[in-house]
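Working notes, beginning with the structure itself.
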Amino acid sequence: MIVKKNVSSIEQYLKQRRVNLRKKIAFIPTMGALHEGHLSLIKLAKDKGRYVIVSIYVNPSQFAPNEDFSKYPRTLKSDLEKLRKISVDLVFTPVTKDISEYTHQKYSFKTFGLEKKLCGKFRPNHYLGVSEIVLKFLSIINPDFAYFGEKDYQQYIFIERIVKQTILKTKIIMGKTIRNKDGLALSSRNKYLSEKEKNIAKYIYKYLKQSRLLIKKGQLISTVLKKQEDDMLKLGFSKIEYLEVKDSNLRKSNLPHNKSRIFIAAKINNIRLIDNILI
Ligand code: AMP
């Protein structure tokens, strides 16, 4: 496994490597603190026989000043061990200065307001920060495929819609949400949860499934979601930032159909967790 720490060295390396590379290139961007969710995306790409590149970079521009950028878990040594174990081909671990100085041709695209919905209401610059870094990485690496997790469906659809409008050739692929045995979606931020908080957090998925069942049985979406919110607050969640049913383009969905999802962002003390399920 090759590790590259700056833009010019990965560009140079890939220029030579591409010459007789018979495999398609797959790219999985991450912020590290790797868990089975990240590894599942890598395995999807490995199973297709692709040349797999993973980036580890905690991107400051997607965090607001009051968010957890400085305390976000950074576990590079064990991350690299995990990646080596599953035979990732190339890892990119740039530093911020190098990335900020890198410029690429300007892509123009419409966002269709996707960055303002759901998480965007509470994290106003988040998705623009994400797209800035993802477009830089895609320009540097020029992969055939890039993988994103269903847990962050809004991020997946936002990137997918943007990239389609550019001249980038990368196809954006979604990998399904990986959960622990209690159903809690794996997340690097779960490291912040105490045992007691984990016991509360597991109800996110339980309630999502329960609401899905009630909606499928014909109950009114607004009534079901109101009850879920009340029940979660009683159980110990400190805040439900949003709990909404949207279609696959994140448009409000008053009637469930097979592409609608229930989306949630909930806080336990100050720890923010998100999840979503297909109805
Ligand atoms: P992050 O390191 O949190 O930026 O995540 C990197 C990628 O892994 C993103 O595409 C996430 O959606 C994806 N991911 C994170 N958690 C999970 C999970 N539990 N299941 C599947 N994919 C995940």
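A note on labels: chains of the structure tokens are A, B, ... as shown, every chain counts residues from 1, and ligands are counted from 1 in their shown order.
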
Which residues are near ligand 1 - at most 10 Å, using only C-alpha atoms and all ligand atoms? Format: as a ChimeraX atom specification. /A:28-42,54-59,130,146-156,173-180,184-189,274-275

Using only C-alpha atoms, which residues sit within 7 Å of segment 4-14 of chain A once same-chain residues fewer than 4 positions away are excluded, as a PyMOL selection string? chain A and resi 18+91-94+98+140

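Secondary structure from DSSP on the backbone puts strand (DSSP E) at the following positions of segment 197-268 of chain A: Lys239, Ile240, Glu241, Tyr242, Leu243, Glu244, Val245, Lys246, Arg261, Ile262, Phe263, Ile264, Ala265, Ala266, Lys267 and Ile268 of chain A.
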
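Taking atom CA of Ser87 of chain A and atom CA of Thr170 of chain A as endpoints, the distance between them is 22.2 Å.
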
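When only C-alpha atoms are used to compute distances to Asp231 of chain A, the closest of the residues A:Ser100, A:Gln219, A:Ser260, A:Gln210 turns out to be A:Gln210.
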
Which residues are close to Glu115 of chain A, i.e. within 12 Å by only C-alpha atoms, leaving aside same-chain residues fewer than 2 positions away? Reply as a JSON list (two decimals) with N, CA, C and O atoms, in the first residue's frame.
```json
[["chain", "number", "residue", "atom", "x", "y", "z"],
["A", 62, "GLN", "N", -15.80, 22.20, 6.05],
["A", 62, "GLN", "CA", -17.17, 21.71, 6.22],
["A", 62, "GLN", "C", -17.64, 21.75, 7.68],
["A", 62, "GLN", "O", -18.73, 21.30, 8.00],
["A", 110, "LYS", "N", -25.36, 23.78, -10.90],
["A", 110, "LYS", "CA", -26.48, 24.22, -10.07],
["A", 110, "LYS", "C", -26.59, 23.27, -8.88],
["A", 110, "LYS", "O", -26.30, 22.08, -9.03],
["A", 111, "THR", "N", -27.02, 23.81, -7.75],
["A", 111, "THR", "CA", -27.15, 22.93, -6.58],
["A", 111, "THR", "C", -28.61, 22.56, -6.31],
["A", 111, "THR", "O", -28.89, 21.72, -5.46],
["A", 112, "PHE", "N", -29.54, 23.19, -7.02],
["A", 112, "PHE", "CA", -30.98, 22.97, -6.85],
["A", 112, "PHE", "C", -31.43, 23.16, -5.39],
["A", 112, "PHE", "O", -32.41, 22.57, -4.96],
["A", 113, "GLY", "N", -30.65, 23.91, -4.63],
["A", 113, "GLY", "CA", -31.02, 24.16, -3.23],
["A", 113, "GLY", "C", -30.85, 22.95, -2.32],
["A", 113, "GLY", "O", -31.27, 22.96, -1.16],
["A", 117, "LYS", "N", -31.36, 22.10, 2.49],
["A", 117, "LYS", "CA", -32.38, 21.30, 3.16],
["A", 117, "LYS", "C", -31.79, 20.49, 4.32],
["A", 117, "LYS", "O", -30.58, 20.44, 4.48],
["A", 118, "LEU", "N", -32.64, 19.84, 5.08],
["A", 118, "LEU", "CA", -32.25, 18.91, 6.15],
["A", 118, "LEU", "C", -31.03, 19.43, 6.92],
["A", 118, "LEU", "O", -31.10, 20.48, 7.55],
["A", 119, "CYS", "N", -29.88, 18.75, 6.83],
["A", 119, "CYS", "CA", -28.69, 19.19, 7.60],
["A", 119, "CYS", "C", -28.29, 20.62, 7.24],
["A", 119, "CYS", "O", -27.75, 21.34, 8.08],
["A", 120, "GLY", "N", -28.54, 21.00, 5.98],
["A", 120, "GLY", "CA", -28.13, 22.34, 5.52],
["A", 120, "GLY", "C", -28.78, 23.46, 6.30],
["A", 120, "GLY", "O", -28.22, 24.55, 6.41],
["A", 121, "LYS", "N", -29.97, 23.21, 6.87],
["A", 121, "LYS", "CA", -30.63, 24.25, 7.67],
["A", 121, "LYS", "C", -29.86, 24.52, 8.95],
["A", 121, "LYS", "O", -29.92, 25.60, 9.50],
["A", 122, "PHE", "N", -29.18, 23.50, 9.42],
["A", 122, "PHE", "CA", -28.47, 23.61, 10.71],
["A", 122, "PHE", "C", -26.98, 23.78, 10.52],
["A", 122, "PHE", "O", -26.26, 24.17, 11.43],
["A", 123, "ARG", "N", -26.48, 23.44, 9.32],
["A", 123, "ARG", "CA", -25.05, 23.55, 9.01],
["A", 123, "ARG", "C", -24.94, 24.31, 7.68],
["A", 123, "ARG", "O", -24.66, 23.69, 6.63],
["A", 124, "PRO", "N", -25.14, 25.64, 7.72],
["A", 124, "PRO", "CA", -25.34, 26.39, 6.47],
["A", 124, "PRO", "C", -24.23, 26.27, 5.43],
["A", 124, "PRO", "O", -24.51, 26.27, 4.25],
["A", 125, "ASN", "N", -22.97, 26.18, 5.83],
["A", 125, "ASN", "CA", -21.91, 26.12, 4.81],
["A", 125, "ASN", "C", -21.36, 24.72, 4.58],
["A", 125, "ASN", "O", -20.42, 24.52, 3.83],
["A", 126, "HIS", "N", -21.99, 23.76, 5.26],
["A", 126, "HIS", "CA", -21.44, 22.41, 5.27],
["A", 126, "HIS", "C", -21.28, 21.81, 3.87],
["A", 126, "HIS", "O", -20.18, 21.39, 3.49],
["A", 127, "TYR", "N", -22.37, 21.80, 3.09],
["A", 127, "TYR", "CA", -22.29, 21.09, 1.81],
["A", 127, "TYR", "C", -21.43, 21.81, 0.78],
["A", 127, "TYR", "O", -20.84, 21.17, -0.08],
["A", 128, "LEU", "N", -21.35, 23.13, 0.90],
["A", 128, "LEU", "CA", -20.45, 23.82, -0.03],
["A", 128, "LEU", "C", -19.00, 23.48, 0.33],
["A", 128, "LEU", "O", -18.15, 23.29, -0.54],
["A", 129, "GLY", "N", -18.74, 23.35, 1.64],
["A", 129, "GLY", "CA", -17.41, 22.92, 2.09],
["A", 129, "GLY", "C", -17.09, 21.51, 1.61],
["A", 129, "GLY", "O", -15.98, 21.22, 1.15],
["A", 130, "VAL", "N", -18.09, 20.63, 1.68],
["A", 130, "VAL", "CA", -17.91, 19.25, 1.22],
["A", 130, "VAL", "C", -17.63, 19.24, -0.28],
["A", 130, "VAL", "O", -16.69, 18.59, -0.76],
["A", 131, "SER", "N", -18.44, 19.99, -1.04],
["A", 131, "SER", "CA", -18.29, 19.92, -2.50],
["A", 131, "SER", "C", -16.95, 20.50, -2.93],
["A", 131, "SER", "O", -16.32, 19.99, -3.86],
["A", 153, "TYR", "N", -27.09, 10.37, 3.10],
["A", 153, "TYR", "CA", -27.76, 10.38, 1.79],
["A", 153, "TYR", "C", -27.73, 11.78, 1.16],
["A", 153, "TYR", "O", -27.53, 11.92, -0.05],
["A", 154, "GLN", "N", -27.94, 12.80, 1.97],
["A", 154, "GLN", "CA", -27.97, 14.18, 1.41],
["A", 154, "GLN", "C", -26.62, 14.52, 0.76],
["A", 154, "GLN", "O", -26.57, 15.15, -0.29],
["A", 155, "GLN", "N", -25.54, 14.08, 1.41],
["A", 155, "GLN", "CA", -24.21, 14.31, 0.85],
["A", 155, "GLN", "C", -24.06, 13.55, -0.48],
["A", 155, "GLN", "O", -23.58, 14.10, -1.47],
["A", 156, "TYR", "N", -24.50, 12.28, -0.48],
["A", 156, "TYR", "CA", -24.41, 11.46, -1.69],
["A", 156, "TYR", "C", -25.15, 12.13, -2.85],
["A", 156, "TYR", "O", -24.60, 12.31, -3.93],
["A", 157, "ILE", "N", -26.41, 12.54, -2.60],
["A", 157, "ILE", "CA", -27.22, 13.05, -3.71],
["A", 157, "ILE", "C", -26.70, 14.42, -4.18],
["A", 157, "ILE", "O", -26.70, 14.73, -5.37],
["A", 158, "PHE", "N", -26.21, 15.20, -3.22],
["A", 158, "PHE", "CA", -25.66, 16.52, -3.56],
["A", 158, "PHE", "C", -24.44, 16.36, -4.47],
["A", 158, "PHE", "O", -24.34, 16.98, -5.54],
["A", 159, "ILE", "N", -23.53, 15.50, -4.07],
["A", 159, "ILE", "CA", -22.31, 15.28, -4.87],
["A", 159, "ILE", "C", -22.66, 14.66, -6.22],
["A", 159, "ILE", "O", -22.15, 15.05, -7.26],
["A", 161, "ARG", "N", -25.40, 14.91, -7.96],
["A", 161, "ARG", "CA", -26.02, 15.88, -8.86],
["A", 161, "ARG", "C", -24.99, 16.88, -9.40],
["A", 161, "ARG", "O", -25.04, 17.29, -10.55],
["A", 162, "ILE", "N", -24.07, 17.31, -8.55],
["A", 162, "ILE", "CA", -23.07, 18.30, -8.97],
["A", 162, "ILE", "C", -22.11, 17.70, -10.00],
["A", 162, "ILE", "O", -21.87, 18.27, -11.06],
["A", 249, "ASN", "N", -35.09, 13.15, -4.29],
["A", 249, "ASN", "CA", -34.47, 14.44, -4.62],
["A", 249, "ASN", "C", -34.60, 15.43, -3.47],
["A", 249, "ASN", "O", -34.47, 16.64, -3.67],
["A", 250, "LEU", "N", -34.94, 14.93, -2.31],
["A", 250, "LEU", "CA", -35.11, 15.72, -1.10],
["A", 250, "LEU", "C", -36.26, 16.71, -1.17],
["A", 250, "LEU", "O", -36.24, 17.75, -0.51]]
```

For the helix (DSSP H, G or I) assignment from backbone DSSP, which residues of segment 112-244 of chain A qualify? Please present them as a VMD selection string. chain A and resid 114 to 116 119 to 122 126 to 141 150 to 165 188 to 192 195 to 201 203 to 216 221 to 235

Measuring between only C-alpha atoms, which one of A:His257, A:Glu195, A:Asn142, A:Val19 shows the shortest distance to Lys216 of chain A? A:His257

Give me the residues near Leu193 of chain A as a ChimeraX atom specification, where near means some atom within 9 Å (using only C-alpha atoms) and where sequence neighbours in that chain fewer than 4 positions away do not count. /A:189,197-198,201,268,271

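Among A:Val88, A:Leu21, A:Leu135, A:Leu114, the residue with the shortest atom-to-atom distance to Tyr102 of chain A, counting only C-alpha atoms, is A:Leu135.
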